[in-house]
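Participant: Encoded as structure tokens, here's the structure I'll be asking about.
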Amino acid sequence: MKDAMTIESSTATTLRDNVDVAEALGRSYAAGFVTDIEMTGLPPGLDEGTVRAISAVKREPEWMTEWRLEAFRHWQTMPKPDWAKLNIDPIDYQAISYYAAPKKQPKSLDDVDPALLETYEKLGIPLHERAALAGVAVDAVFDSVSVGTTFRKQLADAGVLFCSMSEAIREYPEIVRKYLGSVVPTGDNFFAALNSAVFSDGSFVFIPKGVRCPMELSTYFRINAQNTGQFERTLIIAEEGSHVSYLEGCTAPKRDENQLHAAVVELVALEGAKIKYSTVQNWYPGDENGVGGIYNFVTKRGDCRGDDSKICWTQVETGSAITWKYPSVILRGDRSVGEFYSVALTHHFQQADTGTKMIHLGKHTKSKIVSKGISAGKSSNSYRGLVKMEKGAEGARNYTQCDSLLIGKQCGAHTFPYMEVKNPTAIVEHEATTSKISDDQMFYCRARGIPEEDAVSMIVDGFCKQVFRELPMEFAVEAKKLLEVSLEGAVG
Amino acid sequence: MLKIENLHARVEGKEILKGLSLEVNAGEVHAIMGPNGAGKSTLGNVLSGRDGYEVTAGTVSYNGIDLLTMVPEARAAAGVFLAFQYPVEIPGVNNTYFLRAALNAQRKARGEKELDSMQFLKLVREKLKVMQISDELLHRAVNEGFSGGEKKRNEIFQMAVLEPQLAILDETDSGLDIDALKHVADGVNALRSPDRAFLMITHYQRLLDYVVPDVVHVLAGGRIVETGDKSLALELEAHGYAGIAERQPAGASA
């Protein structure tokens, strides 16, 4: 038997000599407006009473309340994590409100407050089914609660359950109880424990055996209220042989204070099931001086519980002041497949510490990691990944590719790949590159008539191509546009 | 069309062009020959507006406008095209996509209507036929993994699509085998027209066997030292650049 092997490497680079491009990646955040709507909620503060109050307002069963309290008690004993390459001002957990909701609770989509609908229209997410994105069912979460889910009937006809988490706890308690916390246990980490105690809503998806979900499912998360945290919880279960593709998008208003977003996402893929989970994250990143922005501390994990199952994470991360996130896959079933495709763009004072964990337990399991980091301004962008081949991972394979692109002289890119190999037949490959947009590339584009800003977008887009290809088509377009907006004013 | 007068330019503090004067009319093909370090590529880069080339004296007038005050993309839109000596790779960016973005950026800058995908595809097909280029090249990323010959042919193909008024070919013949050279020359010849001028920068007379120039200039020490017809190129081929230093500068000079 081979000894465990751990490799760590760090490359900190600050480059680009062309001051033109470096000067100001002025960013305009189009989703930064505030919706004026009557809200109800809990005052700031966190104790057992808060947890009970959240559970009560959601009319949860006793077991759920107990589950939350247990998580809360555990959380109180946990130290705050500080291992990531992030500078985080201390968070005062007593200063946060843990529940905020629009006052009028809609009974159906038609009851949804017009101001809310307008908000989603502005974000380009029409909630009304007649105007809904073709073939995409949407669940929208506004601050702490889900405000509407579209296409419910069509989905129900196919046997697919797609609703808010609060509703699922009430309507499908046996399924929720069976799977909730089975991938990310309540005490998994500091933020997962906090989420387990106070999560207010999120999306629930259940695809029964053999069903191929007839449309893309998607959730849009919106933080609106001030001084609130958003703690959503998403649970997706794909039964034997089923398929589902799910997308989440996130935005928040511009505010000077940092706001906390600590979500937990759990995916369960049974035998032969396939789950594709795509994220376009555009939380408010803070201004050009690093004031404000969302703290995005998220635990995402998928469990390939059955043989021949597959989970694929694709993420495009352009927002948040700080991102701390490692969508992972536990490859438990034999021949199961885990994939992770990521584009993370940081700018101004943004910090991102993101990557993935691929835990190979089953035989002939395969994982693939493609990470593209783009750093600009004074931002810091780290890839942190773990590939673990356990003893039983006979013939398992991993391929990792990590590329960093630097724009400007004051940003940093770092790569922390960890590998632990306990099975001698497993194969682990890792490739990494760091590059910058060269003066030659810029001049070549400009000499053909393409203005500087468009040239930067084009080169960045080319750099991300491998990841964009993995996104559902309509969202690939959105992601591309988002990068363009994020790079607006990239050259002065 | 192009009038360069007493042009002085520096690169990294070193004066490379020292009073270069040159006049090119529409429909003409001019060859610029000269030894290494004479300033041939510097001329191409100064004309297309590359950073790092500092013009310290002289003027460049293009269709009556001052070319030197324009940013590179504006020069491109005005019809100036530089075929690169070393075409640049842009990973992940599709060659067709790049070319369409370039053409539409130019059209937009000129106040013309941008081409939609169908119109553009039609144009590309026509040009492919003329250039005898396989469309396989179009599906790859810009210059990525191209052979030396493919890169140069791709430059000429871009030129065909962008239809410039003034094309500057910077050592387009270098690194090409004889077949590739013929292909490139055929491409250039197909694009010769009464409203288009070419400035061909080259070391060797070889290219000039296939693209016959109207005027040949010898560039040495940062100036045009001799101007003649195509026989000058043959003379150079026979005797080399040695002895050029003694020749009298031709045309207006410093």
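Residue numbers start at 1 in each chain; chains themselves are named A, B, ... in the order of the structure tokens; ligands are numbered from 1 in the order shown.
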Determine, counting only C-alpha atoms, which protein, DNA and RNA residues have an atom within 8 Å of an atom of A:Thr354; residues of the same chain fewer than 2 positions away are not included. Present the result as a JSON list (two decimals) with N, CA and C atoms, in the first residue's frame.

Facilitator:
```json
[["chain", "number", "residue", "atom", "x", "y", "z"],
["A", 323, "THR", "N", -15.53, 35.21, -1.71],
["A", 323, "THR", "CA", -16.15, 33.93, -2.05],
["A", 323, "THR", "C", -15.32, 32.81, -1.44],
["A", 324, "TRP", "N", -16.02, 31.91, -0.82],
["A", 324, "TRP", "CA", -15.40, 30.79, -0.11],
["A", 324, "TRP", "C", -16.27, 29.60, -0.46],
["A", 325, "LYS", "N", -15.83, 28.80, -1.37],
["A", 325, "LYS", "CA", -16.77, 27.85, -1.95],
["A", 325, "LYS", "C", -16.06, 26.73, -2.69],
["A", 326, "TYR", "N", -16.42, 25.50, -2.39],
["A", 326, "TYR", "CA", -15.74, 24.36, -3.00],
["A", 326, "TYR", "C", -16.75, 23.27, -3.37],
["A", 352, "ALA", "N", -11.40, 35.68, -3.82],
["A", 352, "ALA", "CA", -12.07, 34.40, -4.05],
["A", 352, "ALA", "C", -11.13, 33.28, -3.66],
["A", 356, "THR", "N", -12.60, 22.80, -5.71],
["A", 356, "THR", "CA", -13.48, 21.66, -5.57],
["A", 356, "THR", "C", -12.79, 20.55, -4.79],
["A", 382, "SER", "N", -7.83, 32.57, -5.67],
["A", 382, "SER", "CA", -7.14, 31.32, -5.36],
["A", 382, "SER", "C", -7.95, 30.11, -5.80],
["A", 383, "TYR", "N", -7.26, 29.16, -6.37],
["A", 383, "TYR", "CA", -7.88, 27.86, -6.62],
["A", 383, "TYR", "C", -7.40, 26.94, -5.51],
["A", 384, "ARG", "N", -8.33, 26.25, -4.89],
["A", 384, "ARG", "CA", -7.96, 25.29, -3.85],
["A", 384, "ARG", "C", -8.71, 24.00, -4.14],
["A", 385, "GLY", "N", -8.00, 22.95, -4.40],
["A", 385, "GLY", "CA", -8.70, 21.73, -4.77],
["A", 385, "GLY", "C", -8.09, 20.52, -4.07]]
```

Participant: Enumerate as a PyMOL selection string all residues of stretch 338-485 of chain A assigned to strand (DSSP E) by DSSP on the backbone, naming them with the chain letters and numbers the document uses.

Facilitator: chain A and resi 338-346+351-360+366-375+380-389+397-406+412-421+427-436

Participant: Define the interface residues of chain A facing chain B as those within 9 Å, counting only C-alpha atoms, and report them as a list in words.

Facilitator: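 Result: Asp439, Asp440, Gln441, Phe443, Tyr444, Cys445, Arg446, Ala447, Arg448, Gly449, Ile450, Pro451, Glu452, Asp454, Met458, Ile459, Val460, Asp461, Gly462, Phe463, Cys464, Lys465 and Gln466 of chain A.
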
Participant: Quick one: write out the picked residues with N, CA and C atoms as a PDB file, in the first residue's frame?

Facilitator:
```pdb
ATOM      1  N   ASP A 439       0.568  42.145 -24.674  1.00  0.00           N
ATOM      2  CA  ASP A 439       0.503  43.343 -25.511  1.00  0.00           C
ATOM      3  C   ASP A 439       0.345  42.947 -26.968  1.00  0.00           C
ATOM      4  N   ASP A 440       0.985  41.828 -27.331  1.00  0.00           N
ATOM      5  CA  ASP A 440       0.898  41.357 -28.710  1.00  0.00           C
ATOM      6  C   ASP A 440      -0.539  41.017 -29.080  1.00  0.00           C
ATOM      7  N   GLN A 441      -1.223  40.314 -28.169  1.00  0.00           N
ATOM      8  CA  GLN A 441      -2.621  39.951 -28.443  1.00  0.00           C
ATOM      9  C   GLN A 441      -3.487  41.197 -28.581  1.00  0.00           C
ATOM     10  N   PHE A 443      -2.541  44.236 -29.400  1.00  0.00           N
ATOM     11  CA  PHE A 443      -2.233  44.987 -30.623  1.00  0.00           C
ATOM     12  C   PHE A 443      -2.785  44.276 -31.856  1.00  0.00           C
ATOM     13  N   TYR A 444      -2.703  42.965 -31.840  1.00  0.00           N
ATOM     14  CA  TYR A 444      -3.215  42.187 -32.972  1.00  0.00           C
ATOM     15  C   TYR A 444      -4.706  42.476 -33.173  1.00  0.00           C
ATOM     16  N   CYS A 445      -5.458  42.445 -32.078  1.00  0.00           N
ATOM     17  CA  CYS A 445      -6.893  42.723 -32.166  1.00  0.00           C
ATOM     18  C   CYS A 445      -7.145  44.151 -32.643  1.00  0.00           C
ATOM     19  N   ARG A 446      -6.420  45.083 -32.062  1.00  0.00           N
ATOM     20  CA  ARG A 446      -6.656  46.491 -32.389  1.00  0.00           C
ATOM     21  C   ARG A 446      -6.263  46.790 -33.833  1.00  0.00           C
ATOM     22  N   ALA A 447      -5.187  46.166 -34.292  1.00  0.00           N
ATOM     23  CA  ALA A 447      -4.754  46.393 -35.670  1.00  0.00           C
ATOM     24  C   ALA A 447      -5.774  45.848 -36.663  1.00  0.00           C
ATOM     25  N   ARG A 448      -6.674  44.980 -36.168  1.00  0.00           N
ATOM     26  CA  ARG A 448      -7.746  44.483 -37.027  1.00  0.00           C
ATOM     27  C   ARG A 448      -9.011  45.310 -36.866  1.00  0.00           C
ATOM     28  N   GLY A 449      -8.945  46.333 -36.008  1.00  0.00           N
ATOM     29  CA  GLY A 449     -10.087  47.231 -35.867  1.00  0.00           C
ATOM     30  C   GLY A 449     -10.920  47.014 -34.614  1.00  0.00           C
ATOM     31  N   ILE A 450     -10.515  46.057 -33.766  1.00  0.00           N
ATOM     32  CA  ILE A 450     -11.310  45.764 -32.574  1.00  0.00           C
ATOM     33  C   ILE A 450     -10.853  46.658 -31.418  1.00  0.00           C
ATOM     34  N   PRO A 451     -11.749  47.487 -30.860  1.00  0.00           N
ATOM     35  CA  PRO A 451     -11.350  48.388 -29.773  1.00  0.00           C
ATOM     36  C   PRO A 451     -10.849  47.619 -28.544  1.00  0.00           C
ATOM     37  N   GLU A 452     -10.042  48.290 -27.746  1.00  0.00           N
ATOM     38  CA  GLU A 452      -9.373  47.656 -26.606  1.00  0.00           C
ATOM     39  C   GLU A 452     -10.307  46.852 -25.709  1.00  0.00           C
ATOM     40  N   ASP A 454     -13.301  45.637 -26.184  1.00  0.00           N
ATOM     41  CA  ASP A 454     -13.849  44.451 -26.835  1.00  0.00           C
ATOM     42  C   ASP A 454     -12.777  43.378 -26.980  1.00  0.00           C
ATOM     43  N   MET A 458     -12.991  39.646 -25.571  1.00  0.00           N
ATOM     44  CA  MET A 458     -12.850  38.529 -26.499  1.00  0.00           C
ATOM     45  C   MET A 458     -11.772  37.547 -26.025  1.00  0.00           C
ATOM     46  N   ILE A 459     -10.678  38.082 -25.552  1.00  0.00           N
ATOM     47  CA  ILE A 459      -9.584  37.221 -25.104  1.00  0.00           C
ATOM     48  C   ILE A 459      -9.998  36.462 -23.831  1.00  0.00           C
ATOM     49  N   VAL A 460     -10.696  37.167 -22.929  1.00  0.00           N
ATOM     50  CA  VAL A 460     -11.166  36.522 -21.697  1.00  0.00           C
ATOM     51  C   VAL A 460     -12.190  35.438 -22.034  1.00  0.00           C
ATOM     52  N   ASP A 461     -13.066  35.756 -22.966  1.00  0.00           N
ATOM     53  CA  ASP A 461     -14.077  34.800 -23.385  1.00  0.00           C
ATOM     54  C   ASP A 461     -13.418  33.537 -23.964  1.00  0.00           C
ATOM     55  N   GLY A 462     -12.394  33.742 -24.755  1.00  0.00           N
ATOM     56  CA  GLY A 462     -11.664  32.603 -25.317  1.00  0.00           C
ATOM     57  C   GLY A 462     -11.019  31.759 -24.230  1.00  0.00           C
ATOM     58  N   PHE A 463     -10.509  32.448 -23.214  1.00  0.00           N
ATOM     59  CA  PHE A 463      -9.870  31.787 -22.086  1.00  0.00           C
ATOM     60  C   PHE A 463     -10.874  30.893 -21.329  1.00  0.00           C
ATOM     61  N   CYS A 464     -12.132  31.333 -21.306  1.00  0.00           N
ATOM     62  CA  CYS A 464     -13.167  30.620 -20.535  1.00  0.00           C
ATOM     63  C   CYS A 464     -13.950  29.617 -21.377  1.00  0.00           C
ATOM     64  N   LYS A 465     -13.662  29.550 -22.643  1.00  0.00           N
ATOM     65  CA  LYS A 465     -14.464  28.763 -23.577  1.00  0.00           C
ATOM     66  C   LYS A 465     -14.793  27.355 -23.075  1.00  0.00           C
ATOM     67  N   GLN A 466     -13.773  26.687 -22.560  1.00  0.00           N
ATOM     68  CA  GLN A 466     -13.940  25.304 -22.093  1.00  0.00           C
ATOM     69  C   GLN A 466     -15.049  25.171 -21.049  1.00  0.00           C
TER      70      GLN A 466
END
```

Participant: Using only C-alpha atoms, determine which residues lie at most 12 Å from A:Lys178, disregarding the query and same-chain residues fewer than 5 positions distant; provide the list as a list in words.

Facilitator: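 Everything that qualifies: Met64, Ile169, Tyr172, Pro173, Val183, Leu235, Ile237 and Val268 of chain A.
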
Participant: What would the file look like if the residues just selected were written as a compact mmCIF listing (two decimals), in the first residue's frame with C-alpha atoms?

Facilitator:
```txt
# COMPACT_ATOMS: atom_id res chain seq x y z
CA MET A 64 -37.18 19.92 12.06
CA ILE A 169 -40.63 20.26 4.71
CA TYR A 172 -42.88 15.91 1.63
CA PRO A 173 -41.43 15.47 5.13
CA VAL A 183 -24.55 14.88 2.18
CA LEU A 235 -31.66 19.80 -1.86
CA ILE A 237 -32.46 14.20 -5.29
CA VAL A 268 -27.90 13.08 -4.24
```

Participant: Give me, as a PDB file with C-alpha atoms, in the first residue's frame, all polymer residues having an atom no more than 7 Å from A:Gln315, counting only C-alpha atoms and skipping those fewer than 6 positions away in the same chain.

Facilitator:
```
ATOM      1  CA  SER A 278     -24.820  25.359 -12.917  1.00  0.00           C
ATOM      2  CA  THR A 279     -24.309  28.606 -11.050  1.00  0.00           C
ATOM      3  CA  VAL A 280     -24.058  32.129 -12.324  1.00  0.00           C
ATOM      4  CA  TYR A 341     -15.954  23.521 -14.426  1.00  0.00           C
ATOM      5  CA  SER A 342     -15.320  26.943 -12.999  1.00  0.00           C
ATOM      6  CA  VAL A 343     -14.735  30.501 -14.105  1.00  0.00           C
TER       7      VAL A 343
END
```

Participant: Which neighbours of B:Ala31 fall inside 7 Å, counting only C-alpha atoms, when residues of the same chain fewer than 5 positions from it are skipped, and could you give them as a PyMOL selection string?

Facilitator: chain B and resi 199-201+213+215-217

Participant: Which parts of stretch 186-233 of chain B does DSSP call helix (DSSP H, G or I) when run on the backbone here, written out as a list in words?

Facilitator: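 These are the residues in question: Asp186, Gly187, Val188, Asn189, Ala190, Leu191, Arg206, Leu207, Leu208, Asp209, Tyr210, Lys230, Ser231, Leu232 and Ala233 of chain B.
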